[in-house]
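Note sheet for the following structure.
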There are 2 protein chains.
Amino acid sequence: MSSHPVTQLDDTVHQRVRLGILTILATAGRADFTYLRDTLELTDGNLGRHLDVLYDAGYVEITKTFEGRRPRTWVTITKGGRTALTGHIAALRQMIDAVPDK
Amino acid sequence: MSSHPVTQLDDTVHQRVRLGILTILATAGRADFTYLRDTLELTDGNLGRHLDVLYDAGYVEITKTFEGRRPRTWVTITKGGRTALTGHIAALRQMIDAVPDK
């Protein structure tokens with residue numbers, strides 16, 4: 001018997017906010033810290049902690065730049081992050097596609 | 001601006017194992033404790049704790065029966081559980097459908 005897709009879900013990716021971050025990055029290519037924070041309705045500290053988890057897993061890269069004198073933090077998804085997200089989405093689809101609409 | 005779907009995800013439903021339990025129950029109608037434990041590769045204690053969370057949220061009902069002298073524990077999804085899961089799946093789809101395949 002093959003494993004249930006739930007056993008393939010990785011909490012690093014699955015956690016609500018981190019799944020949001022990764023889907024935004026995979027869709028948009030990159031996003032800046034302020035955009036992620038405001039879109040996902042987070043505090044600076046909360047977003048920072050989730051980005052640390054994703055960075056430690058090798059799923060995102062973080063680049064600090066200056067635009068004039070204003071610092072700006074860009075977040076991009078890595079190839080490993082994209083692979084992890086794609087596998088995760090496949091497992092999620094397997095689970096949710098089986099559920100009847102009503 | 002409407003909220004990002006991530007803000008609609010409820011951790012009671014979203015947590016990996018509980019999403020697995022609810023999708024199985026919504027698909028199969030009901031399942032017994034042993035089936036859930038073995039399919040999701042959990043210990044008795046771990047499954048029990050997740051069922052407690054779902055029960056406290058009003059998302060599952062738990063019925064203990066006897067078949068001959070063997071006790072059997074059935075878990076069914078409630079109407080509220082089905083509503084929560086359906087809304088959750090809609091938010092998840094909104095997030096993952098935007099992600100390109102590659």
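Going through the structure tokens in order, the chains are called A, B, and so on, while each chain numbers its residues from 1 and the ligands are numbered from 1 in the order shown.
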
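For chain A, backbone-based DSSP labels the following residues as strand (DSSP E or B): Arg30, Ala31, Asp32, Val60, Glu61, Ile62, Thr63, Lys64, Thr65, Phe66, Glu67, Arg70, Pro71, Arg72, Thr73, Trp74, Val75, Thr76 and Ile77 of chain A.
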
| message | I'd like the contact shell of Ile21 (chain B) - 9 Å cut-off, only C-alpha atoms, skipping same-chain residues fewer than 3 positions apart - returned as a PyMOL selection string. | response | chain B and resi 16-18+24-26+36+40+50-51

Mobile chain A placed on reference chain B by ordered C-alpha fit, as a PDB file with C-alpha atoms, in the first residue's frame:
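What ended up in superposed_32.pdb:
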```pdb
ATOM      1  CA  MET A   1      -8.689  45.103  -1.216  1.00  0.00           C
ATOM      2  CA  SER A   2     -10.056  41.704  -0.228  1.00  0.00           C
ATOM      3  CA  SER A   3      -8.031  39.552   2.130  1.00  0.00           C
ATOM      4  CA  HIS A   4      -5.466  37.073   0.900  1.00  0.00           C
ATOM      5  CA  PRO A   5      -6.834  33.493   1.163  1.00  0.00           C
ATOM      6  CA  VAL A   6      -4.116  32.648   3.694  1.00  0.00           C
ATOM      7  CA  THR A   7      -5.985  34.772   6.226  1.00  0.00           C
ATOM      8  CA  GLN A   8      -8.991  32.480   5.787  1.00  0.00           C
ATOM      9  CA  LEU A   9      -7.054  29.326   6.642  1.00  0.00           C
ATOM     10  CA  ASP A  10      -7.946  28.000  10.077  1.00  0.00           C
ATOM     11  CA  ASP A  11      -5.166  26.094  11.860  1.00  0.00           C
ATOM     12  CA  THR A  12      -7.737  23.745  13.399  1.00  0.00           C
ATOM     13  CA  VAL A  13      -8.424  22.448   9.887  1.00  0.00           C
ATOM     14  CA  HIS A  14      -5.106  23.248   8.206  1.00  0.00           C
ATOM     15  CA  GLN A  15      -2.771  21.304  10.478  1.00  0.00           C
ATOM     16  CA  ARG A  16      -1.366  18.438   8.368  1.00  0.00           C
ATOM     17  CA  VAL A  17      -2.818  15.461  10.254  1.00  0.00           C
ATOM     18  CA  ARG A  18      -6.191  17.112  10.901  1.00  0.00           C
ATOM     19  CA  LEU A  19      -6.554  18.033   7.226  1.00  0.00           C
ATOM     20  CA  GLY A  20      -5.888  14.368   6.485  1.00  0.00           C
ATOM     21  CA  ILE A  21      -8.513  13.196   8.981  1.00  0.00           C
ATOM     22  CA  LEU A  22     -11.161  15.616   7.682  1.00  0.00           C
ATOM     23  CA  THR A  23     -10.556  14.839   3.994  1.00  0.00           C
ATOM     24  CA  ILE A  24     -10.811  11.090   4.704  1.00  0.00           C
ATOM     25  CA  LEU A  25     -14.031  11.564   6.677  1.00  0.00           C
ATOM     26  CA  ALA A  26     -15.564  13.916   4.097  1.00  0.00           C
ATOM     27  CA  THR A  27     -14.761  11.423   1.356  1.00  0.00           C
ATOM     28  CA  ALA A  28     -15.659   8.165   3.125  1.00  0.00           C
ATOM     29  CA  GLY A  29     -18.448   9.439   5.395  1.00  0.00           C
ATOM     30  CA  ARG A  30     -16.919   7.826   8.462  1.00  0.00           C
ATOM     31  CA  ALA A  31     -13.846   5.904   9.488  1.00  0.00           C
ATOM     32  CA  ASP A  32     -12.794   3.940  12.529  1.00  0.00           C
ATOM     33  CA  PHE A  33      -9.937   4.878  14.834  1.00  0.00           C
ATOM     34  CA  THR A  34      -7.695   2.014  13.726  1.00  0.00           C
ATOM     35  CA  TYR A  35      -8.114   2.823  10.043  1.00  0.00           C
ATOM     36  CA  LEU A  36      -7.254   6.506  10.594  1.00  0.00           C
ATOM     37  CA  ARG A  37      -4.285   5.629  12.794  1.00  0.00           C
ATOM     38  CA  ASP A  38      -2.817   3.155  10.296  1.00  0.00           C
ATOM     39  CA  THR A  39      -3.562   5.184   7.161  1.00  0.00           C
ATOM     40  CA  LEU A  40      -2.083   8.382   8.560  1.00  0.00           C
ATOM     41  CA  GLU A  41       0.820   6.510  10.222  1.00  0.00           C
ATOM     42  CA  LEU A  42       0.138   7.841  13.713  1.00  0.00           C
ATOM     43  CA  THR A  43       0.357   6.550  17.247  1.00  0.00           C
ATOM     44  CA  ASP A  44      -2.834   6.075  19.275  1.00  0.00           C
ATOM     45  CA  GLY A  45      -1.911   9.076  21.436  1.00  0.00           C
ATOM     46  CA  ASN A  46      -1.170  11.364  18.521  1.00  0.00           C
ATOM     47  CA  LEU A  47      -4.403  10.532  16.695  1.00  0.00           C
ATOM     48  CA  GLY A  48      -6.322  10.889  19.969  1.00  0.00           C
ATOM     49  CA  ARG A  49      -4.983  14.396  20.539  1.00  0.00           C
ATOM     50  CA  HIS A  50      -5.893  15.526  17.009  1.00  0.00           C
ATOM     51  CA  LEU A  51      -9.387  14.035  17.348  1.00  0.00           C
ATOM     52  CA  ASP A  52      -9.808  15.951  20.625  1.00  0.00           C
ATOM     53  CA  VAL A  53      -9.009  19.223  18.828  1.00  0.00           C
ATOM     54  CA  LEU A  54     -11.507  18.439  16.051  1.00  0.00           C
ATOM     55  CA  TYR A  55     -14.148  17.333  18.563  1.00  0.00           C
ATOM     56  CA  ASP A  56     -13.706  20.488  20.660  1.00  0.00           C
ATOM     57  CA  ALA A  57     -14.203  22.573  17.489  1.00  0.00           C
ATOM     58  CA  GLY A  58     -17.409  20.655  16.759  1.00  0.00           C
ATOM     59  CA  TYR A  59     -16.004  19.218  13.528  1.00  0.00           C
ATOM     60  CA  VAL A  60     -16.226  15.490  14.330  1.00  0.00           C
ATOM     61  CA  GLU A  61     -18.360  13.123  16.370  1.00  0.00           C
ATOM     62  CA  ILE A  62     -16.936  10.092  18.065  1.00  0.00           C
ATOM     63  CA  THR A  63     -18.981   6.978  18.782  1.00  0.00           C
ATOM     64  CA  LYS A  64     -17.744   3.991  20.724  1.00  0.00           C
ATOM     65  CA  THR A  65     -19.426   0.701  19.852  1.00  0.00           C
ATOM     66  CA  PHE A  66     -18.853  -2.956  20.547  1.00  0.00           C
ATOM     67  CA  GLU A  67     -18.656  -5.589  17.857  1.00  0.00           C
ATOM     68  CA  GLY A  68     -19.062  -8.737  19.884  1.00  0.00           C
ATOM     69  CA  ARG A  69     -16.637  -8.059  22.713  1.00  0.00           C
ATOM     70  CA  ARG A  70     -14.285  -5.868  20.657  1.00  0.00           C
ATOM     71  CA  PRO A  71     -14.614  -2.130  21.190  1.00  0.00           C
ATOM     72  CA  ARG A  72     -14.612  -0.036  18.037  1.00  0.00           C
ATOM     73  CA  THR A  73     -14.424   3.744  17.780  1.00  0.00           C
ATOM     74  CA  TRP A  74     -16.136   5.395  14.838  1.00  0.00           C
ATOM     75  CA  VAL A  75     -15.370   8.952  13.777  1.00  0.00           C
ATOM     76  CA  THR A  76     -17.772  10.950  11.590  1.00  0.00           C
ATOM     77  CA  ILE A  77     -17.561  14.482  10.244  1.00  0.00           C
ATOM     78  CA  THR A  78     -20.264  16.915  11.406  1.00  0.00           C
ATOM     79  CA  LYS A  79     -22.106  19.387   9.224  1.00  0.00           C
ATOM     80  CA  GLY A  80     -19.955  22.146  10.765  1.00  0.00           C
ATOM     81  CA  GLY A  81     -16.830  20.158   9.994  1.00  0.00           C
ATOM     82  CA  ARG A  82     -17.878  19.732   6.390  1.00  0.00           C
ATOM     83  CA  THR A  83     -18.584  23.470   6.059  1.00  0.00           C
ATOM     84  CA  ALA A  84     -15.208  24.349   7.591  1.00  0.00           C
ATOM     85  CA  LEU A  85     -13.400  21.901   5.304  1.00  0.00           C
ATOM     86  CA  THR A  86     -15.205  23.100   2.170  1.00  0.00           C
ATOM     87  CA  GLY A  87     -14.317  26.745   2.910  1.00  0.00           C
ATOM     88  CA  HIS A  88     -10.756  25.737   3.669  1.00  0.00           C
ATOM     89  CA  ILE A  89     -10.390  23.829   0.409  1.00  0.00           C
ATOM     90  CA  ALA A  90     -11.734  26.814  -1.540  1.00  0.00           C
ATOM     91  CA  ALA A  91      -9.092  29.081   0.040  1.00  0.00           C
ATOM     92  CA  LEU A  92      -6.357  26.505  -0.590  1.00  0.00           C
ATOM     93  CA  ARG A  93      -7.371  26.152  -4.232  1.00  0.00           C
ATOM     94  CA  GLN A  94      -7.243  29.924  -4.678  1.00  0.00           C
ATOM     95  CA  MET A  95      -3.640  29.858  -3.448  1.00  0.00           C
ATOM     96  CA  ILE A  96      -2.341  26.795  -5.258  1.00  0.00           C
ATOM     97  CA  ASP A  97      -4.155  27.292  -8.547  1.00  0.00           C
ATOM     98  CA  ALA A  98      -2.170  30.504  -9.077  1.00  0.00           C
ATOM     99  CA  VAL A  99       1.162  28.664  -8.884  1.00  0.00           C
ATOM    100  CA  PRO A 100       2.630  27.732 -12.274  1.00  0.00           C
ATOM    101  CA  ASP A 101       3.472  24.032 -12.749  1.00  0.00           C
ATOM    102  CA  LYS A 102       7.155  24.702 -13.251  1.00  0.00           C
TER     103      LYS A 102
END
```

| request: Write down as a ChimeraX atom specification the residues belonging to region 7-84 of chain A that are assigned helix (DSSP H, G or I) by DSSP computed on the backbone. | output: /A:7-8,11-14,16-28,33-39,44-56,79-84
